[in-house]
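Q: Handing over start.cif, mmCIF, C-alpha atoms.
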```cif
data_query
#
loop_
_atom_site.label_atom_id
_atom_site.label_comp_id
_atom_site.auth_asym_id
_atom_site.auth_seq_id
_atom_site.Cartn_x
_atom_site.Cartn_y
_atom_site.Cartn_z
CA MET A 25 89.18 34.31 77.46
CA PHE A 26 92.00 31.99 76.42
CA HIS A 27 91.68 28.26 77.04
CA ALA A 28 93.52 25.22 75.76
CA PHE A 29 91.83 23.46 72.85
CA ASP A 30 92.98 20.03 74.00
CA ASN A 31 91.61 20.31 77.55
CA PRO A 32 87.80 20.30 77.56
CA GLY A 33 87.55 21.41 81.18
CA PRO A 34 84.59 20.68 83.43
CA ALA A 35 81.17 21.35 81.87
CA ARG A 36 82.64 23.39 79.03
CA PRO A 37 80.58 23.14 75.84
CA LEU A 38 82.12 21.76 72.68
CA VAL A 39 83.05 24.74 70.49
CA ARG A 40 83.83 24.54 66.76
CA ALA A 41 87.16 26.33 67.08
CA ASP A 42 88.27 23.74 69.65
CA TRP A 43 87.34 20.69 67.59
CA MET A 44 88.87 22.20 64.45
CA ALA A 45 92.16 22.72 66.31
CA LEU A 46 92.03 19.08 67.44
CA LEU A 47 91.18 17.80 63.95
CA ALA A 48 94.07 19.75 62.44
CA ARG A 49 96.46 17.88 64.75
CA ALA A 50 94.74 14.47 64.61
CA PRO A 51 96.78 11.67 63.02
CA GLN A 52 95.38 10.34 59.77
CA GLU A 53 95.23 6.77 61.10
CA LEU A 54 92.91 7.82 63.92
CA LEU A 55 90.67 9.81 61.57
CA GLU A 56 90.59 6.88 59.15
CA SER A 57 89.65 4.36 61.83
CA VAL A 58 86.66 6.43 62.99
CA LEU A 59 85.51 8.11 59.78
CA GLY A 60 86.68 5.63 57.13
CA PRO A 61 83.25 4.05 56.59
CA GLN A 62 81.58 7.49 56.39
CA ALA A 63 84.23 8.95 54.08
CA GLY A 64 82.21 7.81 51.09
CA ALA A 65 79.17 9.67 52.44
CA ALA A 66 77.30 11.86 50.02
CA SER A 67 79.23 15.10 49.92
CA ARG A 68 80.42 17.53 47.32
CA TRP A 69 83.57 19.56 47.19
CA LEU A 70 83.34 23.28 47.65
CA ARG A 71 87.13 23.40 47.56
CA ALA A 72 88.95 20.20 46.66
CA PRO A 73 92.06 19.45 48.73
CA GLU A 74 94.93 21.67 47.67
CA THR A 75 98.41 22.10 49.07
CA GLY A 76 100.18 25.41 49.50
CA LEU A 77 102.44 27.41 51.77
CA MET A 78 101.51 29.49 54.78
CA MET A 79 103.70 31.97 56.67
CA VAL A 80 104.14 31.17 60.36
CA GLN A 81 104.71 34.03 62.77
CA GLY A 82 106.24 34.00 66.21
CA ARG A 83 106.59 36.41 69.11
CA ALA A 84 109.75 36.96 71.11
CA GLY A 85 109.00 35.72 74.61
CA GLY A 86 105.43 35.00 73.58
CA THR A 87 104.40 38.64 74.07
CA GLY A 88 106.86 40.68 72.00
CA GLU A 89 106.64 41.97 68.46
CA ARG A 90 105.59 39.53 65.77
CA PHE A 91 108.20 38.26 63.33
CA ASN A 92 108.01 35.89 60.36
CA LEU A 93 109.38 32.54 61.46
CA GLY A 94 109.10 30.69 58.15
CA GLU A 95 106.76 28.90 55.80
CA VAL A 96 104.98 25.60 56.35
CA THR A 97 103.18 23.30 53.92
CA VAL A 98 99.42 23.26 54.51
CA THR A 99 96.61 21.33 52.84
CA ARG A 100 93.09 22.75 52.95
CA CYS A 101 89.68 21.75 51.69
CA ALA A 102 85.97 22.41 52.16
CA LEU A 103 83.03 20.11 51.53
CA ARG A 104 79.27 20.18 51.96
CA LEU A 105 77.32 17.16 53.13
CA ASP A 106 74.33 16.32 50.96
CA GLU A 107 71.47 15.69 53.36
CA ALA A 108 67.98 16.05 51.98
CA GLY A 109 65.58 18.32 53.81
CA THR A 110 68.07 19.79 56.27
CA LYS A 111 70.43 22.69 56.41
CA THR A 112 73.54 21.11 54.95
CA PRO A 113 76.67 21.73 57.02
CA VAL A 114 79.96 22.80 55.47
CA GLY A 115 83.13 21.13 56.74
CA VAL A 116 86.44 22.96 56.49
CA ALA A 117 89.93 21.71 57.31
CA TYR A 118 93.49 22.99 57.31
CA VAL A 119 96.19 20.43 58.15
CA LEU A 120 99.97 20.64 58.19
CA GLY A 121 101.63 18.67 55.43
CA ARG A 122 100.55 17.34 52.06
CA SER A 123 98.00 14.69 52.99
CA HIS A 124 94.84 15.29 50.96
CA ARG A 125 93.15 12.34 52.66
CA GLN A 126 93.80 13.74 56.15
CA ALA A 127 92.34 17.10 55.11
CA GLN A 128 89.30 15.38 53.60
CA LEU A 129 88.65 13.34 56.76
CA ALA A 130 89.12 16.39 59.01
CA ALA A 131 86.64 18.38 56.89
CA LEU A 132 84.16 15.51 57.02
CA ALA A 133 84.52 15.35 60.81
CA ASP A 134 83.98 19.11 61.04
CA ALA A 135 80.77 18.84 59.02
CA LEU A 136 79.49 15.90 61.07
CA LEU A 137 80.32 17.59 64.39
CA GLN A 138 78.10 20.53 63.45
CA ASP A 139 75.08 18.21 63.74
CA PRO A 140 73.99 18.30 67.42
CA ALA A 141 72.58 14.77 67.12
CA GLN A 142 76.00 13.34 66.20
CA GLN A 143 78.17 15.66 68.29
CA ALA A 144 78.25 13.68 71.55
CA ALA A 145 78.98 10.35 69.84
CA LEU A 146 81.74 11.82 67.67
CA ASP A 147 83.22 13.60 70.66
CA ALA A 148 83.52 10.28 72.48
CA ARG A 149 84.68 8.22 69.46
CA LEU A 150 86.99 10.77 67.81
CA LEU A 151 87.87 13.85 69.85
CA VAL A 152 88.60 12.09 73.16
CA PRO A 153 91.13 9.72 71.50
CA VAL A 154 92.72 12.70 69.71
CA ARG A 155 93.08 14.53 73.04
CA GLN A 156 94.65 11.41 74.56
CA HIS A 157 97.03 11.06 71.60
CA LEU A 158 98.12 14.71 71.91
CA ALA A 159 98.62 14.32 75.67
CA ARG A 160 100.81 11.23 75.09
CA ARG A 161 102.88 13.08 72.49
CA ARG A 162 103.29 16.05 74.84
CA ALA A 163 104.39 13.75 77.69
CA GLU A 164 106.91 11.98 75.42
CA ARG A 165 108.31 15.32 74.25
CA MET A 166 108.61 16.55 77.84
CA GLU A 167 110.37 13.31 78.84
CA ARG A 168 112.90 13.71 76.01
CA THR A 169 113.61 17.32 76.93
CA ARG A 170 113.78 16.57 80.65
CA SER A 171 116.92 14.50 80.03
CA THR A 172 118.68 17.59 78.66
CA LYS A 173 117.84 19.83 81.61
CA VAL A 174 120.78 21.64 83.20
CA ASP A 175 120.50 22.94 86.75
CA PHE A 176 122.66 26.06 86.52
CA PHE A 177 122.52 26.70 90.27
CA THR A 178 124.13 23.32 90.92
CA VAL A 179 126.72 23.91 88.18
CA ALA A 180 127.62 27.31 89.65
CA ARG A 181 127.81 25.89 93.15
CA GLU A 182 130.04 23.01 92.05
CA SER A 183 132.36 25.27 90.09
CA GLY A 184 132.51 27.73 93.01
CA ALA A 185 133.24 24.95 95.53
CA GLY A 186 136.10 23.70 93.39
CA ALA A 187 137.68 27.18 93.26
CA ASP A 188 137.49 27.55 97.06
CA ASP A 189 139.20 24.17 97.57
CA GLU A 190 142.09 25.20 95.29
CA GLU A 191 142.61 28.47 97.16
CA GLU A 192 142.64 26.78 100.56
CA GLY A 193 145.18 24.21 99.43
CA ALA A 194 147.62 26.82 98.08
#
```
Let me see the structure of the file written as structure tokens.
A:
Amino acid sequence: MFHAFDNPGPARPLVRADWMALLARAPQELLESVLGPQAGAASRWLRAPETGLMMVQGRAGGTGERFNLGEVTVTRCALRLDEAGTKTPVGVAYVLGRSHRQAQLAALADALLQDPAQQAALDARLLVPVRQHLARRRAERMERTRSTKVDFFTVARESGAGADDEEEGA
């Protein structure tokens, strides 16, 4: 079943795919403020941050045939936390752009969120602010586009009313 990654919904459990989607869109400043002190945590690279291109596909009308829309720059990385005596989690991140630091912080957050003991605290300190940031950006974008809205029914009515007035006056 499809659900939005940025809307946790009532009593819905935190799922890795959801937090990875949030981390991919999280601004670096927010990741840095929460994870900056832990960024030096003992970890080792499985895949150091590297930048490349990825093909983006679209669908006509959201349901039609797929078509290649273009390429975007993506940075990815994978790291493993070094924790003695436990199953060491692997953090993976893909972020748009060229920021190696953002990818590193997102991968670290992914690895930390896999620990059930830290999940609730990180959800409150990191994922909730990211959701709020994305909601603010969405509202700003909607406000900007709302100013360009054209009500075609009103335009047609006004143009039709003007034509009737000209005919009556002739």
Q: Skipping near chain neighbours, those fewer than 5 positions away, what residues fall within 6 Å of stretch 114-118 of chain A using all atoms listed in the file, listed as a ChimeraX atom specification?
A: /A:99-104,127,130-132,134-135
Q: What does the structure give for the distance between atom CA of A:Val154 and atom CA of A:Val119, in Å to one decimal?
A: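 Computing the Euclidean distance for atom CA of A:Val154 and atom CA of A:Val119 yields 14.3 Å.
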Q: Enclose the full set of atoms of stretch 146-155 of chain A listed in the file within a box whose edges lie along x, y and z, apply 3 Å of padding to each of the six sides, and report centre and edge lengths in Å to one decimal as JSON.
A:
```
{"center_x": 87.4, "center_y": 11.4, "center_z": 70.4, "size_x": 17.3, "size_y": 12.3, "size_z": 11.5}
```
Q: Using all atoms listed in the file, which of the listed residues (A:Gly85, A:Gly121, A:Pro113, A:Pro73) sits closest to A:Ala48?
A: A:Gly121
Q: Would you list the contacts of A:Gly82 as a PyMOL selection string, taking every protein, DNA or RNA residue within 7 Å and counting only C-alpha atoms, but skipping same-chain residues closer than 4 positions in sequence?
A: chain A and resi 90-93
Q: What would the selection look like, as a list in words, if the PyMOL selection byres ((chain A and resi 148-152) around 9) were run on the coordinates I just shared?
A: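 Selection result, ordered by chain and number: Trp43, Leu46, Leu47, Ala50, Leu54, Leu55, Val58, Leu59, Ala133, Gln143, Ala144, Ala145, Leu146, Asp147, Pro153, Val154, Arg155, Gln156 and His157 of chain A.
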Q: As an exercise, work out the distance from atom CA of A:Gly88 to atom CA of A:Met44 in Å and give it to one decimal place.
A: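 Pair atom CA of A:Gly88 / atom CA of A:Met44 returns 26.9 Å.
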Q: May I ask for the distance between atom CA of A:Ser123 and atom CA of A:Met78, given in Å to one decimal place?
A: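 Atom-to-atom, atom CA of A:Ser123 and atom CA of A:Met78 are spaced 15.3 Å apart.
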Q: Kindly indicate which residue among A:Gln62, A:Ser57, A:Thr97, A:Gln52 lies nearest to A:Leu120, using all atoms listed in the file for the distances.
A: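 Under the stated criterion, the closest residue is A:Thr97.
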Q: Quick one: which residues end up in the PyMOL selection byres ((chain A and resi 106) around 6) for this structure, as a PyMOL selection string?
A: chain A and resi 66-67+105+107
